[in-house]
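Here's the structure, in structure tokens; my notes come after.
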Amino acid sequence: MREQIEFRSHPPLSSSAGWGAGNNDKRDGAGQPSGQGRAGHGARACGRAAVALLACLTLLVPAAFANGNGSPRKVSPTLQGLLDTADPSTVVDVIVQYGVAPQQKHLDRVSRRGGRSKMHLGLIQAEAYTLPLSAVADLLDDGDVVHMSLDHKVKMTGSVSMDPSMEAINADIAQGYGYDGSGVGIAIVDSGIYSHPDLTSNSRYSNSSRVVYSQSFVPGDSSTNDAYGHGTHVAGLALGNGESSDNYAYDYLGVAPNASIINLRVLDANGVGTDSAVIAAINQAISLKSKYNIRVLNLSLGRPVFESYAQDPLCKAVEKAWNAGIVVVVATGNFGRDNSMGTNGYGTITAPGNDPYVITVGAMDADDASPANDSIASYSSKGPTLIDHIVKPDLVASGNMMVSLLAPSTTLVRSNPTLDVYPCNWNGTVCNARYGNPMYFTLSGTSMAAPLVSGTAALMIQKDSSLTPDLVKARLMKSAFKNFPLHSTVEDTLGNVYQEEGDIFTYGAGVLDAAAALNSSDKGSGSALSPTATYNSKTRTISLSITTIKSTSVLWGSSVLWGTSVVWSSNEFVGGTSVLWGSSVLWGSSASTGGDESDGCSVLWGASAVISKTKTMLGLSDNDPGDVRRSGTSRGN
């Protein structure tokens with residue numbers, strides 16, 4: 001079944017001079033009075049990579065993704081780029097997907113060519129190898145090999161408190177219904193978790209840790225403690241119980257403060273990891289699902305999109321978890337400020353957030369307790385996704401200057417002392433070191449938004465354990481707050497101004513409303529795959545194409561309950577920026593034949609930016625001070 005819903009643009013508006021401003025500026029991470037601090041997201045890294053990508057963009061052709069007969073090639077574009085340009089003796093890390101379970105003969109073949117296996121990835125019938133480029137051609141001749149890609153580096157993307165940021169998503173109301181995540185396991189795939197007092201049991205009879213399982217997938221480092229400081233912060237937003245916040249300005253309480261924690265460390269002390277480590281961690285989460293009732297998997301990390309999600313091994317792994325009954329929540333990335341490709345931040349969603357199965361979450365700047373006064377964070381990555389043009393994000397949540405758990409002596413904390421949040425005097429008017437050591441820390445990024453959705457999913461599952469990942473996703477999206485601004489002006493702490501549009505590629509289905517999602521009783525069966533966007537250059541319209549997979553029904557039908565106009569606000573189909581409407585860079589060549597879909601070689605519609613030298617998982621919440629907590633907005637009805 002295929003359904004298309006069209007929406008027509010307003011006349012194009014001229015681009016604002018503020019678009020992309022300050023992308024290469026240095027950030028100073030200055031703190032706020034009363035210990036509120038500022039935070040970061042690493043939007044600068046994408047800009048450097050994108051400049052290099054734009055230089056080679058005209059050399060890329062869609063044929064890079066297929067053989068002459070149109071079938072998928074065995075080698076990813078990034079690996080092909082190395083084969084075409086690098087010395088054959090160059091040693092690389094690759095992931096080889098097989099049509100059968102990898103056998104000894106496959107490992108022997110690699111060994112004979114000077115390579116070695118570094119990790120078994122049975123989840124996707126694959127093996128992670130270290131080998132010279134000269135061995136790749138021989139492996140491609142192996143009939144059992146389905147696909148080969150680089151084992152890309154990965155890096156983090158970005159407490160929550162019942163401060164205005166949490167109240168803006170109605171987390172306090174949701175918890176008021178009596179749900180706290182008890183009995184539900186949330187797997188945090190990140191930089192490890194520090195033994196913080198806020199991660200202990202809520203029971204008056206027990207002060208035991210809620211971290212029920214820990215494992216490291218960082219090569220050569222078996223420690224599961226947080227050496228970077230990111231994973232602990234993420235965990236606090238999803239699961240912190242506020243134990244240490246008695247003398248603070250707010251109760252820094254997570255969304256699901258009594259859920260169980262599964263600590264799967266994949267990032268090192270610098271916040272960097274690999275695809276293979278993440279895939280192995282996902283595989284372990286699936287294998288432990290029944291033992292610890294793991295129903296939610298949080299991935300506040302990402303890296304550039306190098307190939308279609310249908311071939312990307314990282315995306316295949318998250319789909320395995322989804323199909324195993326685990327809700328997978330992924331940060332969008334922090335590259336909404338990037339204008340190096342002339343897209344004003346559109347087309348910057350990172351992997352595996354580009355996969356249509358998962359829930360991909362962008363970041364809001366919560367100005368106060370009401371989402372009606374909020375706007376998108378300037379750094380929040382926007383869709384559609386590279387190559388496949390999936391409509392992302394799925395929804396957004398508070399992510400700017402979020403206070404959560406501090407992991408002492410970690411890389412982020414040591415290098416950003418001004419982001420520490422200190423306890424206060426008796427009436428909360430003065431907060432500093434005089435009143436005690438800091439237990440909390442401030443960060444900004446989509447990394448901080450994702451765990452709010454993960455915590456909400458845990459509450460929903462605690463209330464109704466029969467919920468499928470698709471129904472969780474559908475309820476979250478349908479119940480999201482949709483009266484966000486059609487246009488907004490956002491300012492970062494350096495004074496750079498960004499003009500934002502209230503379109504579907506910026507806000508998705510809307511702002512997370514935890515209470516509304518928990519109260520939803522909507523039923524349905526089938527998938528909740530994020531739709532695909534297509535642009536018709538003649539009619540200047542964008543269509544949402546909804547295609548079922550393997551004859552499975554789809555929730556986004558034409559019914560009153562799950563119709564697209566219900567799930568996605570009609571305002572989101574309007575937009576107004578000239579980048580969305582008619583940009584030859586974003587949508588394809590202006591010389592398009594005018595069919596249903598542009599077919600030019602472009603950033604999004606052709607062979608995307610795939611030869612980047614930056615193959616790390618991108619830093620999506622480091623020490624950037626974030627946005628100023630104010631925005632001038634223009635709203636619709």
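By order of appearance in the structure tokens: chains A, B, ..., then residues from 1 within every chain, and ligands from 1 in the order shown.
For Val560 of chain A, the residues within 12 Å (counting only C-alpha atoms, excluding itself and residues fewer than 6 positions away along the chain) are Lys478, Asp522, Val566 and Val567 of chain A.
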Those residues with C-alpha atoms, as a compact mmCIF listing (two decimals), in the first residue's frame please?
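Written output follows (out-v8.txt):
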# COMPACT_ATOMS: atom_id res chain seq x y z
CA LYS A 478 -0.01 11.91 17.89
CA ASP A 522 -5.35 4.94 20.97
CA VAL A 566 -3.81 14.18 12.99
CA VAL A 567 -0.28 12.99 13.67
Do you know which residues are at most 12 Å from Glu319 of chain A counting only C-alpha atoms, after dropping those on the same chain fewer than 2 positions away, and could you put them as a PDB file with N, CA and C atoms, in the first residue's frame?
ATOM      1  N   LEU A 123      24.216 -10.518  15.459  1.00  0.00           N
ATOM      2  CA  LEU A 123      22.906  -9.881  15.357  1.00  0.00           C
ATOM      3  C   LEU A 123      22.522  -9.612  13.915  1.00  0.00           C
ATOM      4  N   ILE A 124      23.504  -9.231  13.098  1.00  0.00           N
ATOM      5  CA  ILE A 124      23.219  -8.905  11.703  1.00  0.00           C
ATOM      6  C   ILE A 124      24.010  -9.800  10.742  1.00  0.00           C
ATOM      7  N   ILE A 279      26.859  -1.835  17.773  1.00  0.00           N
ATOM      8  CA  ILE A 279      26.096  -3.001  17.310  1.00  0.00           C
ATOM      9  C   ILE A 279      26.186  -4.131  18.330  1.00  0.00           C
ATOM     10  N   ILE A 282      23.959  -3.327  21.250  1.00  0.00           N
ATOM     11  CA  ILE A 282      22.550  -3.545  20.912  1.00  0.00           C
ATOM     12  C   ILE A 282      22.220  -5.031  20.951  1.00  0.00           C
ATOM     13  N   ASN A 283      23.121  -5.830  20.430  1.00  0.00           N
ATOM     14  CA  ASN A 283      22.932  -7.284  20.455  1.00  0.00           C
ATOM     15  C   ASN A 283      22.804  -7.782  21.894  1.00  0.00           C
ATOM     16  N   ILE A 286      19.414  -6.964  23.367  1.00  0.00           N
ATOM     17  CA  ILE A 286      18.389  -7.893  22.889  1.00  0.00           C
ATOM     18  C   ILE A 286      18.465  -9.212  23.651  1.00  0.00           C
ATOM     19  N   LEU A 297      15.669   1.449  24.573  1.00  0.00           N
ATOM     20  CA  LEU A 297      17.100   1.563  24.265  1.00  0.00           C
ATOM     21  C   LEU A 297      17.381   3.008  23.880  1.00  0.00           C
ATOM     22  N   TYR A 309      19.924   3.689   4.758  1.00  0.00           N
ATOM     23  CA  TYR A 309      19.661   2.951   5.994  1.00  0.00           C
ATOM     24  C   TYR A 309      19.469   1.468   5.730  1.00  0.00           C
ATOM     25  N   ALA A 310      19.014   1.118   4.524  1.00  0.00           N
ATOM     26  CA  ALA A 310      18.759  -0.284   4.191  1.00  0.00           C
ATOM     27  C   ALA A 310      20.036  -1.102   4.137  1.00  0.00           C
ATOM     28  N   GLN A 311      21.188  -0.434   3.980  1.00  0.00           N
ATOM     29  CA  GLN A 311      22.471  -1.134   3.922  1.00  0.00           C
ATOM     30  C   GLN A 311      23.349  -0.860   5.121  1.00  0.00           C
ATOM     31  N   ASP A 312      23.119   0.229   5.818  1.00  0.00           N
ATOM     32  CA  ASP A 312      23.960   0.628   6.942  1.00  0.00           C
ATOM     33  C   ASP A 312      23.853  -0.403   8.067  1.00  0.00           C
ATOM     34  N   PRO A 313      24.972  -1.002   8.486  1.00  0.00           N
ATOM     35  CA  PRO A 313      24.909  -2.023   9.546  1.00  0.00           C
ATOM     36  C   PRO A 313      24.404  -1.480  10.871  1.00  0.00           C
ATOM     37  N   LEU A 314      24.668  -0.218  11.161  1.00  0.00           N
ATOM     38  CA  LEU A 314      24.185   0.380  12.405  1.00  0.00           C
ATOM     39  C   LEU A 314      22.658   0.474  12.392  1.00  0.00           C
ATOM     40  N   CYS A 315      22.099   0.862  11.258  1.00  0.00           N
ATOM     41  CA  CYS A 315      20.642   0.933  11.134  1.00  0.00           C
ATOM     42  C   CYS A 315      20.016  -0.460  11.179  1.00  0.00           C
ATOM     43  N   LYS A 316      20.679  -1.427  10.571  1.00  0.00           N
ATOM     44  CA  LYS A 316      20.160  -2.794  10.629  1.00  0.00           C
ATOM     45  C   LYS A 316      20.081  -3.284  12.069  1.00  0.00           C
ATOM     46  N   ALA A 317      21.051  -2.897  12.876  1.00  0.00           N
ATOM     47  CA  ALA A 317      21.070  -3.333  14.277  1.00  0.00           C
ATOM     48  C   ALA A 317      19.922  -2.725  15.062  1.00  0.00           C
ATOM     49  N   ALA A 321      16.631  -4.564  17.123  1.00  0.00           N
ATOM     50  CA  ALA A 321      16.138  -4.285  18.478  1.00  0.00           C
ATOM     51  C   ALA A 321      14.661  -3.904  18.445  1.00  0.00           C
ATOM     52  N   TRP A 322      14.286  -3.081  17.489  1.00  0.00           N
ATOM     53  CA  TRP A 322      12.894  -2.654  17.358  1.00  0.00           C
ATOM     54  C   TRP A 322      11.983  -3.865  17.137  1.00  0.00           C
ATOM     55  N   ASN A 323      12.383  -4.728  16.231  1.00  0.00           N
ATOM     56  CA  ASN A 323      11.578  -5.910  15.920  1.00  0.00           C
ATOM     57  C   ASN A 323      11.583  -6.929  17.048  1.00  0.00           C
ATOM     58  N   ALA A 324      12.541  -6.800  17.980  1.00  0.00           N
ATOM     59  CA  ALA A 324      12.566  -7.661  19.166  1.00  0.00           C
ATOM     60  C   ALA A 324      11.678  -7.113  20.271  1.00  0.00           C
ATOM     61  N   GLY A 325      11.015  -5.994  20.025  1.00  0.00           N
ATOM     62  CA  GLY A 325      10.095  -5.432  21.013  1.00  0.00           C
ATOM     63  C   GLY A 325      10.683  -4.352  21.888  1.00  0.00           C
ATOM     64  N   ILE A 326      11.807  -3.765  21.469  1.00  0.00           N
ATOM     65  CA  ILE A 326      12.461  -2.715  22.244  1.00  0.00           C
ATOM     66  C   ILE A 326      12.272  -1.374  21.548  1.00  0.00           C
ATOM     67  N   VAL A 327      11.756  -0.394  22.279  1.00  0.00           N
ATOM     68  CA  VAL A 327      11.617   0.961  21.742  1.00  0.00           C
ATOM     69  C   VAL A 327      13.007   1.584  21.638  1.00  0.00           C
ATOM     70  N   VAL A 328      13.405   2.005  20.441  1.00  0.00           N
ATOM     71  CA  VAL A 328      14.723   2.594  20.226  1.00  0.00           C
ATOM     72  C   VAL A 328      14.567   4.099  20.030  1.00  0.00           C
ATOM     73  N   VAL A 329      15.224   4.863  20.907  1.00  0.00           N
ATOM     74  CA  VAL A 329      15.156   6.319  20.870  1.00  0.00           C
ATOM     75  C   VAL A 329      16.546   6.857  20.526  1.00  0.00           C
ATOM     76  N   PRO A 352      22.208   6.503  13.822  1.00  0.00           N
ATOM     77  CA  PRO A 352      21.112   5.796  13.166  1.00  0.00           C
ATOM     78  C   PRO A 352      19.753   6.492  13.252  1.00  0.00           C
ATOM     79  N   GLY A 353      19.742   7.809  13.528  1.00  0.00           N
ATOM     80  CA  GLY A 353      18.488   8.526  13.572  1.00  0.00           C
ATOM     81  C   GLY A 353      17.816   8.646  12.219  1.00  0.00           C
ATOM     82  N   ASN A 354      18.525   8.268  11.159  1.00  0.00           N
ATOM     83  CA  ASN A 354      17.954   8.293   9.810  1.00  0.00           C
ATOM     84  C   ASN A 354      17.112   7.061   9.506  1.00  0.00           C
ATOM     85  N   ASP A 355      17.042   6.112  10.440  1.00  0.00           N
ATOM     86  CA  ASP A 355      16.278   4.894  10.197  1.00  0.00           C
ATOM     87  C   ASP A 355      14.791   5.159  10.430  1.00  0.00           C
ATOM     88  N   PRO A 356      13.905   4.703   9.530  1.00  0.00           N
ATOM     89  CA  PRO A 356      12.475   5.007   9.666  1.00  0.00           C
ATOM     90  C   PRO A 356      11.795   4.298  10.823  1.00  0.00           C
ATOM     91  N   TYR A 357      12.387   3.235  11.361  1.00  0.00           N
ATOM     92  CA  TYR A 357      11.773   2.529  12.475  1.00  0.00           C
ATOM     93  C   TYR A 357      11.869   3.322  13.766  1.00  0.00           C
ATOM     94  N   VAL A 358      13.038   3.857  14.086  1.00  0.00           N
ATOM     95  CA  VAL A 358      13.316   4.394  15.413  1.00  0.00           C
ATOM     96  C   VAL A 358      12.620   5.722  15.646  1.00  0.00           C
ATOM     97  N   ILE A 359      12.583   6.127  16.937  1.00  0.00           N
ATOM     98  CA  ILE A 359      12.053   7.435  17.317  1.00  0.00           C
ATOM     99  C   ILE A 359      13.231   8.400  17.368  1.00  0.00           C
ATOM    100  N   PRO A 469       6.572  -1.344  20.215  1.00  0.00           N
ATOM    101  CA  PRO A 469       7.343  -0.136  19.911  1.00  0.00           C
ATOM    102  C   PRO A 469       6.626   0.787  18.926  1.00  0.00           C
ATOM    103  N   ASP A 470       5.938   0.215  17.941  1.00  0.00           N
ATOM    104  CA  ASP A 470       5.239   1.041  16.954  1.00  0.00           C
ATOM    105  C   ASP A 470       4.112   1.836  17.592  1.00  0.00           C
ATOM    106  N   LEU A 529       6.456   3.342  10.686  1.00  0.00           N
ATOM    107  CA  LEU A 529       7.641   3.799   9.978  1.00  0.00           C
ATOM    108  C   LEU A 529       7.498   5.272   9.611  1.00  0.00           C
TER     109      LEU A 529
END
Using the chain letters and numbers from this document, which residues of segment 427-524 of chain A does DSSP assign to strand (DSSP E), as JSON, numbers by chain?
{"A": [440, 441, 442, 443, 487, 488, 489, 490, 491, 492, 497, 498, 499, 500, 501]}
What's around segment 210-219 of chain A at 8 Å? Count only C-alpha atoms, leave out sequence neighbours fewer than 5 positions away in its own chain, and write the answer as a list in words.
Gly192, Leu199, Thr200, Ser201, Thr224, Asn258, Ala259, Ser260, Ile261, Ile262, Asn263, Leu264, Arg265, Val266, Leu267, Asp268, Gly273, Ala277, Val278, Ala280, Ala281 and Tyr292 of chain A
Where does segment 285-312 of chain A meet segment 231-236 of chain A within 12 Å, residue by residue, with the nearest atom pair and distance in Å to one decimal for each, counting only C-alpha atoms, listed by chain and rising number, as JSON lines?
{"residue": "A:Leu297", "atom": "CA", "partner": "A:Ala235", "partner_atom": "CA", "distance": 11.4}
{"residue": "A:Asn298", "atom": "CA", "partner": "A:Val234", "partner_atom": "CA", "distance": 8.8}
{"residue": "A:Leu299", "atom": "CA", "partner": "A:Val234", "partner_atom": "CA", "distance": 9.5}
{"residue": "A:Ser300", "atom": "CA", "partner": "A:Val234", "partner_atom": "CA", "distance": 7.6}
{"residue": "A:Leu301", "atom": "CA", "partner": "A:Gly231", "partner_atom": "CA", "distance": 10.0}
Show me, as a VMD selection string, the residues that have an atom within 9 Å of His389 of chain A when counting only C-alpha atoms, minus same-chain residues fewer than 3 positions from it.
chain A and resid 347 354 383 to 386 392 531 to 534 604 to 605
Can you list, as a PDB file with C-alpha atoms, in the first residue's frame, every residue of segment 145-310 of chain A that DSSP puts in alpha helix (DSSP H)?
ATOM      1  CA  PRO A 164      10.761  24.646  33.604  1.00  0.00           C
ATOM      2  CA  SER A 165      12.472  22.445  31.018  1.00  0.00           C
ATOM      3  CA  MET A 166      10.882  19.339  32.502  1.00  0.00           C
ATOM      4  CA  GLU A 167       7.569  20.953  33.187  1.00  0.00           C
ATOM      5  CA  ALA A 171       6.838  15.190  33.048  1.00  0.00           C
ATOM      6  CA  ASP A 172       5.663  16.333  36.473  1.00  0.00           C
ATOM      7  CA  ILE A 173       2.018  15.719  35.544  1.00  0.00           C
ATOM      8  CA  ALA A 174       2.852  12.295  34.097  1.00  0.00           C
ATOM      9  CA  GLN A 175       4.558  11.244  37.332  1.00  0.00           C
ATOM     10  CA  GLY A 176       1.583  12.613  39.257  1.00  0.00           C
ATOM     11  CA  HIS A 230      28.079  12.066  29.022  1.00  0.00           C
ATOM     12  CA  GLY A 231      26.368   8.748  29.773  1.00  0.00           C
ATOM     13  CA  THR A 232      25.768   9.650  33.428  1.00  0.00           C
ATOM     14  CA  HIS A 233      24.156  12.933  32.414  1.00  0.00           C
ATOM     15  CA  VAL A 234      21.926  11.128  29.895  1.00  0.00           C
ATOM     16  CA  ALA A 235      20.957   8.489  32.453  1.00  0.00           C
ATOM     17  CA  GLY A 236      19.942  11.154  34.951  1.00  0.00           C
ATOM     18  CA  LEU A 237      17.554  12.780  32.486  1.00  0.00           C
ATOM     19  CA  ALA A 238      15.788   9.489  31.875  1.00  0.00           C
ATOM     20  CA  LEU A 239      16.036   7.868  35.316  1.00  0.00           C
ATOM     21  CA  ASP A 275      29.811   1.168  14.841  1.00  0.00           C
ATOM     22  CA  SER A 276      30.839  -2.347  15.812  1.00  0.00           C
ATOM     23  CA  ALA A 277      30.856  -1.508  19.530  1.00  0.00           C
ATOM     24  CA  VAL A 278      27.366  -0.013  19.296  1.00  0.00           C
ATOM     25  CA  ILE A 279      26.096  -3.001  17.310  1.00  0.00           C
ATOM     26  CA  ALA A 280      27.550  -5.407  19.872  1.00  0.00           C
ATOM     27  CA  ALA A 281      25.907  -3.450  22.695  1.00  0.00           C
ATOM     28  CA  ILE A 282      22.550  -3.545  20.912  1.00  0.00           C
ATOM     29  CA  ASN A 283      22.932  -7.284  20.455  1.00  0.00           C
ATOM     30  CA  GLN A 284      23.572  -7.666  24.190  1.00  0.00           C
ATOM     31  CA  ALA A 285      20.505  -5.574  25.018  1.00  0.00           C
ATOM     32  CA  ILE A 286      18.389  -7.893  22.889  1.00  0.00           C
ATOM     33  CA  SER A 287      19.853 -11.000  24.547  1.00  0.00           C
ATOM     34  CA  LYS A 289      15.708  -8.258  27.175  1.00  0.00           C
ATOM     35  CA  SER A 290      13.782 -10.960  29.024  1.00  0.00           C
ATOM     36  CA  LYS A 291      16.085 -11.090  32.041  1.00  0.00           C
ATOM     37  CA  TYR A 292      15.903  -7.357  32.795  1.00  0.00           C
TER      38      TYR A 292
END
Take atom CA of Pro438 of chain A and atom CA of Ser182 of chain A and report the distance between them in Å, one decimal.
27.8 Å
Considering only C-alpha atoms, state which residue in the set A:Ser404, A:Ser308, A:Thr90, A:Thr442 is at the smallest distance from Asp420 of chain A.
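Of the candidates, the smallest distance to Asp420 of chain A is held by A:Thr442.
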Show me, as an MDAnalysis selection string, the residues that have an atom within 7 Å of Lys482 of chain A when counting only C-alpha atoms, minus same-chain residues fewer than 6 positions from it.
chainID A and resid 510:511 569
Pairwise distance for atom CA of Leu452 of chain A and atom CA of Pro393 of chain A, rounded to one decimal in Å
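Straight-line distance from atom CA of Leu452 of chain A to atom CA of Pro393 of chain A works out to 14.7 Å.
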Just the number, please: distance in Å from atom CA of Gly455 of chain A to atom CA of Asp221 of chain A, one decimal.
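If I compute the distance from atom CA of Gly455 of chain A to atom CA of Asp221 of chain A, I get 28.7 Å.
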Pick from A:Gly495, A:Gly240, A:Gly436, A:Pro88, whichever lies nearest to Tyr422 of chain A using only C-alpha atoms:
A:Gly436
